[in-house]
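Source file: work_32.tsv (TSV, N, CA and C atoms)
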```tsv
chain	number	residue	atom	x	y	z
A	82	MET	N	54.72	-35.57	102.83
A	82	MET	CA	55.05	-34.52	103.78
A	82	MET	C	55.82	-33.43	103.06
A	83	ASP	N	55.50	-32.19	103.34
A	83	ASP	CA	56.11	-31.04	102.70
A	83	ASP	C	57.38	-30.65	103.47
A	84	ASN	N	58.57	-30.75	102.82
A	84	ASN	CA	59.85	-30.42	103.46
A	84	ASN	C	60.20	-28.95	103.29
A	85	GLN	N	59.25	-28.15	102.94
A	85	GLN	CA	59.47	-26.73	102.71
A	85	GLN	C	59.87	-26.00	104.00
A	86	TYR	N	59.47	-26.49	105.14
A	86	TYR	CA	59.72	-25.83	106.42
A	86	TYR	C	60.67	-26.65	107.29
A	87	VAL	N	61.92	-26.74	106.87
A	87	VAL	CA	62.92	-27.46	107.64
A	87	VAL	C	63.55	-26.49	108.63
A	88	ARG	N	63.68	-26.91	109.86
A	88	ARG	CA	64.28	-26.07	110.90
A	88	ARG	C	65.52	-26.75	111.44
A	89	THR	N	66.52	-25.93	111.74
A	89	THR	CA	67.74	-26.42	112.35
A	89	THR	C	67.84	-25.81	113.74
A	90	TYR	N	68.14	-26.62	114.72
A	90	TYR	CA	68.26	-26.14	116.09
A	90	TYR	C	69.69	-26.36	116.58
A	91	THR	N	70.19	-25.37	117.27
A	91	THR	CA	71.51	-25.48	117.88
A	91	THR	C	71.32	-25.74	119.36
A	92	VAL	N	71.99	-26.76	119.85
A	92	VAL	CA	71.90	-27.09	121.26
A	92	VAL	C	73.21	-26.68	121.92
A	93	LEU	N	73.12	-25.82	122.91
A	93	LEU	CA	74.30	-25.39	123.63
A	93	LEU	C	74.51	-26.30	124.84
A	94	MET	N	75.76	-26.55	125.16
A	94	MET	CA	76.09	-27.41	126.28
A	94	MET	C	76.78	-26.58	127.35
A	95	ASN	N	76.37	-26.75	128.58
A	95	ASN	CA	77.07	-26.12	129.69
A	95	ASN	C	78.30	-26.94	130.02
A	96	LEU	N	79.36	-26.26	130.41
A	96	LEU	CA	80.61	-26.92	130.71
A	96	LEU	C	81.11	-26.41	132.05
A	97	THR	N	81.50	-27.29	132.93
A	97	THR	CA	82.03	-26.90	134.23
A	97	THR	C	83.52	-27.14	134.23
A	98	LEU	N	84.27	-26.11	134.63
A	98	LEU	CA	85.73	-26.20	134.67
A	98	LEU	C	86.21	-25.95	136.09
A	99	SER	N	87.31	-26.57	136.45
A	99	SER	CA	87.95	-26.28	137.73
A	99	SER	C	89.18	-25.45	137.44
A	100	VAL	N	89.17	-24.21	137.94
A	100	VAL	CA	90.26	-23.27	137.68
A	100	VAL	C	90.61	-22.56	138.97
A	101	ASN	N	91.89	-22.37	139.20
A	101	ASN	CA	92.40	-21.66	140.36
A	101	ASN	C	91.78	-20.26	140.43
A	102	ASP	N	91.37	-19.83	141.62
A	102	ASP	CA	90.73	-18.52	141.81
A	102	ASP	C	91.58	-17.37	141.27
A	103	GLU	N	92.87	-17.43	141.53
A	103	GLU	CA	93.77	-16.37	141.07
A	103	GLU	C	93.79	-16.28	139.54
A	104	VAL	N	93.76	-17.43	138.90
A	104	VAL	CA	93.74	-17.46	137.43
A	104	VAL	C	92.45	-16.84	136.91
A	105	VAL	N	91.34	-17.16	137.54
A	105	VAL	CA	90.05	-16.62	137.11
A	105	VAL	C	90.03	-15.10	137.27
A	106	LEU	N	90.53	-14.60	138.39
A	106	LEU	CA	90.54	-13.15	138.61
A	106	LEU	C	91.40	-12.44	137.57
A	107	LYS	N	92.57	-13.00	137.28
A	107	LYS	CA	93.45	-12.40	136.27
A	107	LYS	C	92.80	-12.49	134.89
A	108	ALA	N	92.15	-13.60	134.61
A	108	ALA	CA	91.49	-13.77	133.31
A	108	ALA	C	90.34	-12.77	133.15
A	109	ARG	N	89.59	-12.55	134.21
A	109	ARG	CA	88.50	-11.57	134.15
A	109	ARG	C	89.03	-10.17	133.89
A	110	LYS	N	90.12	-9.83	134.55
A	110	LYS	CA	90.72	-8.51	134.36
A	110	LYS	C	91.19	-8.36	132.91
A	111	ARG	N	91.84	-9.39	132.40
A	111	ARG	CA	92.34	-9.34	131.02
A	111	ARG	C	91.19	-9.29	130.02
A	112	ALA	N	90.16	-10.07	130.26
A	112	ALA	CA	88.99	-10.07	129.37
A	112	ALA	C	88.34	-8.69	129.35
A	113	GLU	N	88.26	-8.07	130.51
A	113	GLU	CA	87.69	-6.71	130.58
A	113	GLU	C	88.52	-5.74	129.76
A	114	GLN	N	89.84	-5.86	129.84
A	114	GLN	CA	90.72	-5.00	129.04
A	114	GLN	C	90.49	-5.21	127.55
A	115	LEU	N	90.15	-6.43	127.18
A	115	LEU	CA	89.90	-6.77	125.77
A	115	LEU	C	88.48	-6.46	125.35
A	116	GLY	N	87.65	-6.06	126.32
A	116	GLY	CA	86.26	-5.73	126.00
A	116	GLY	C	85.40	-6.95	125.75
A	117	THR	N	85.69	-8.03	126.46
A	117	THR	CA	84.93	-9.26	126.27
A	117	THR	C	84.77	-9.94	127.62
A	118	SER	N	84.38	-11.20	127.60
A	118	SER	CA	84.20	-11.95	128.84
A	118	SER	C	85.08	-13.19	128.82
A	119	VAL	N	85.32	-13.74	129.99
A	119	VAL	CA	86.08	-15.00	130.08
A	119	VAL	C	85.32	-16.08	129.32
A	120	ASN	N	84.01	-16.09	129.46
A	120	ASN	CA	83.19	-17.07	128.76
A	120	ASN	C	83.43	-17.02	127.24
A	121	GLN	N	83.43	-15.81	126.69
A	121	GLN	CA	83.64	-15.66	125.25
A	121	GLN	C	85.05	-16.10	124.85
A	122	LEU	N	86.04	-15.76	125.65
A	122	LEU	CA	87.42	-16.16	125.35
A	122	LEU	C	87.57	-17.69	125.37
A	123	VAL	N	86.96	-18.33	126.36
A	123	VAL	CA	87.02	-19.80	126.44
A	123	VAL	C	86.29	-20.41	125.25
A	124	ARG	N	85.11	-19.86	124.91
A	124	ARG	CA	84.35	-20.37	123.77
A	124	ARG	C	85.17	-20.28	122.48
A	125	GLU	N	85.80	-19.12	122.26
A	125	GLU	CA	86.61	-18.95	121.04
A	125	GLU	C	87.80	-19.89	121.03
A	126	TYR	N	88.44	-20.08	122.19
A	126	TYR	CA	89.57	-20.99	122.26
A	126	TYR	C	89.13	-22.42	121.92
A	127	LEU	N	88.02	-22.87	122.49
A	127	LEU	CA	87.54	-24.22	122.22
A	127	LEU	C	87.14	-24.40	120.76
A	128	GLU	N	86.55	-23.37	120.17
A	128	GLU	CA	86.20	-23.44	118.75
A	128	GLU	C	87.45	-23.58	117.90
A	129	GLU	N	88.48	-22.81	118.23
A	129	GLU	CA	89.74	-22.91	117.48
A	129	GLU	C	90.37	-24.28	117.69
A	130	LEU	N	90.37	-24.77	118.94
A	130	LEU	CA	90.93	-26.07	119.25
A	130	LEU	C	90.21	-27.18	118.49
A	131	ALA	N	88.92	-27.04	118.36
A	131	ALA	CA	88.11	-28.04	117.67
A	131	ALA	C	88.17	-27.90	116.15
A	132	GLY	N	88.84	-26.86	115.69
A	132	GLY	CA	88.98	-26.69	114.24
A	132	GLY	C	87.86	-25.92	113.61
A	133	LYS	N	86.97	-25.31	114.41
A	133	LYS	CA	85.86	-24.56	113.83
A	133	LYS	C	86.32	-23.26	113.19
A	134	THR	N	87.38	-22.68	113.74
A	134	THR	CA	87.88	-21.44	113.16
A	134	THR	C	89.21	-21.71	112.46
A	135	ASP	N	89.51	-20.89	111.51
A	135	ASP	CA	90.74	-20.99	110.75
A	135	ASP	C	91.55	-19.72	111.00
A	136	PRO	N	92.66	-19.82	111.73
A	136	PRO	CA	93.43	-18.61	112.06
A	136	PRO	C	93.86	-17.81	110.84
A	137	THR	N	94.19	-18.47	109.74
A	137	THR	CA	94.58	-17.75	108.52
A	137	THR	C	93.40	-16.97	107.97
A	138	ARG	N	92.26	-17.61	107.90
A	138	ARG	CA	91.06	-16.94	107.41
A	138	ARG	C	90.66	-15.80	108.35
A	139	ASP	N	90.80	-16.02	109.66
A	139	ASP	CA	90.49	-14.97	110.63
A	139	ASP	C	91.41	-13.77	110.44
A	140	ALA	N	92.70	-14.03	110.20
A	140	ALA	CA	93.66	-12.94	109.99
A	140	ALA	C	93.32	-12.18	108.71
A	141	GLU	N	92.94	-12.90	107.66
A	141	GLU	CA	92.55	-12.24	106.41
A	141	GLU	C	91.30	-11.39	106.60
A	142	GLU	N	90.35	-11.89	107.38
A	142	GLU	CA	89.14	-11.13	107.66
A	142	GLU	C	89.47	-9.89	108.49
A	143	PHE	N	90.36	-10.02	109.45
A	143	PHE	CA	90.79	-8.88	110.26
A	143	PHE	C	91.44	-7.83	109.35
A	144	GLU	N	92.29	-8.26	108.46
A	144	GLU	CA	92.95	-7.33	107.55
A	144	GLU	C	91.93	-6.63	106.65
A	145	ARG	N	90.96	-7.39	106.14
A	145	ARG	CA	89.92	-6.80	105.29
A	145	ARG	C	89.13	-5.75	106.06
A	146	LEU	N	88.73	-6.09	107.27
A	146	LEU	CA	87.96	-5.14	108.08
A	146	LEU	C	88.79	-3.92	108.45
A	147	SER	N	90.08	-4.13	108.69
A	147	SER	CA	90.96	-3.00	109.02
A	147	SER	C	91.05	-2.02	107.87
A	148	ARG	N	91.05	-2.54	106.66
A	148	ARG	CA	91.16	-1.67	105.48
A	148	ARG	C	89.92	-0.81	105.27
A	149	ILE	N	88.75	-1.33	105.64
A	149	ILE	CA	87.51	-0.57	105.42
A	149	ILE	C	87.09	0.22	106.65
A	150	SER	N	87.83	0.06	107.75
A	150	SER	CA	87.49	0.74	109.00
A	150	SER	C	87.66	2.25	108.88
A	151	GLN	N	86.84	2.98	109.60
A	151	GLN	CA	86.96	4.43	109.65
A	151	GLN	C	88.03	4.86	110.66
A	152	GLY	N	88.52	3.93	111.47
A	152	GLY	CA	89.63	4.20	112.37
A	152	GLY	C	89.35	5.13	113.52
A	153	ASN	N	88.18	5.10	114.11
A	153	ASN	CA	87.87	5.97	115.25
A	153	ASN	C	88.22	5.26	116.55
A	154	SER	N	89.38	5.58	117.10
A	154	SER	CA	89.83	4.94	118.35
A	154	SER	C	89.34	5.68	119.58
A	155	LYS	N	88.60	6.76	119.38
A	155	LYS	CA	88.06	7.57	120.47
A	155	LYS	C	89.15	8.01	121.44
A	156	GLY	N	90.32	8.34	120.91
A	156	GLY	CA	91.41	8.85	121.73
A	156	GLY	C	92.36	7.81	122.28
A	157	TRP	N	92.04	6.51	122.17
A	157	TRP	CA	92.92	5.48	122.69
A	157	TRP	C	94.18	5.41	121.83
A	158	LYS	N	95.32	5.25	122.47
A	158	LYS	CA	96.58	5.13	121.76
A	158	LYS	C	97.31	3.90	122.23
A	159	PHE	N	97.98	3.22	121.30
A	159	PHE	CA	98.76	2.04	121.61
A	159	PHE	C	99.92	2.41	122.53
A	160	ASP	N	100.13	1.62	123.57
A	160	ASP	CA	101.21	1.84	124.52
A	160	ASP	C	102.07	0.58	124.55
A	161	ARG	N	103.20	0.62	123.87
A	161	ARG	CA	104.09	-0.54	123.75
A	161	ARG	C	104.53	-1.06	125.13
A	162	GLU	N	104.85	-0.14	126.03
A	162	GLU	CA	105.30	-0.53	127.37
A	162	GLU	C	104.21	-1.33	128.11
A	163	GLU	N	102.97	-0.83	128.01
A	163	GLU	CA	101.86	-1.52	128.67
A	163	GLU	C	101.62	-2.89	128.03
A	164	ALA	N	101.75	-2.97	126.72
A	164	ALA	CA	101.52	-4.23	126.02
A	164	ALA	C	102.54	-5.28	126.41
A	165	HIS	N	103.75	-4.86	126.73
A	165	HIS	CA	104.81	-5.82	127.07
A	165	HIS	C	105.09	-5.91	128.56
A	166	GLU	N	104.24	-5.30	129.36
A	166	GLU	CA	104.41	-5.32	130.81
A	166	GLU	C	104.29	-6.75	131.31
A	167	ARG	N	105.25	-7.17	132.10
A	167	ARG	CA	105.23	-8.52	132.68
A	167	ARG	C	104.44	-8.48	133.99
A	168	ARG	N	103.58	-9.43	134.16
A	168	ARG	CA	102.74	-9.48	135.38
A	168	ARG	C	103.06	-10.70	136.16
```

Could you render the structure from this file as structure tokens?
Amino acid sequence: MDNQYVRTYTVLMNLTLSVNDEVVLKARKRAEQLGTSVNQLVREYLEELAGKTDPTRDAEEFERLSRISQGNSKGWKFDREEAHERR
């Protein structure tokens, strides 16, 4: 048999969580502010929890990308007060 054509398949698993409605609404709002979805945030958290991601390596990659970035924020400015606003 010719092993020249080996294929790898990734199987995704659906996961059902029980979460308070208020928490979900706040999480959706926060995810929207971050430009992502609750699903993506949960996926990333579980990957980190499972050890798939390395926070140090992620920080180094962020720093590398920041250095080569063209820095076009399209007018957005950091607002310290908003970042530390208690909800």

Worksheet, complete the sentence: Computed gap from CA of Asn120 in chain A to CA of Leu93 in chain A is 13.2 Å

Worksheet item: What does the distance between atom N of Gln114 in chain A and atom C of Tyr126 in chain A come to in Å, to one decimal place?
Response: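 Distance between the two atoms: 18.4 Å.
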
Item to complete: Could you find all residues in chain A that DSSP calls alpha helix (DSSP H) from the backbone, and write them as a PyMOL selection string?
Response: chain A and resi 102-115+119-130+136-149+161-164

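The gap separating CA of Val123 in chain A from CA of Arg109 in chain A is 11.4 Å, in Å to one decimal.
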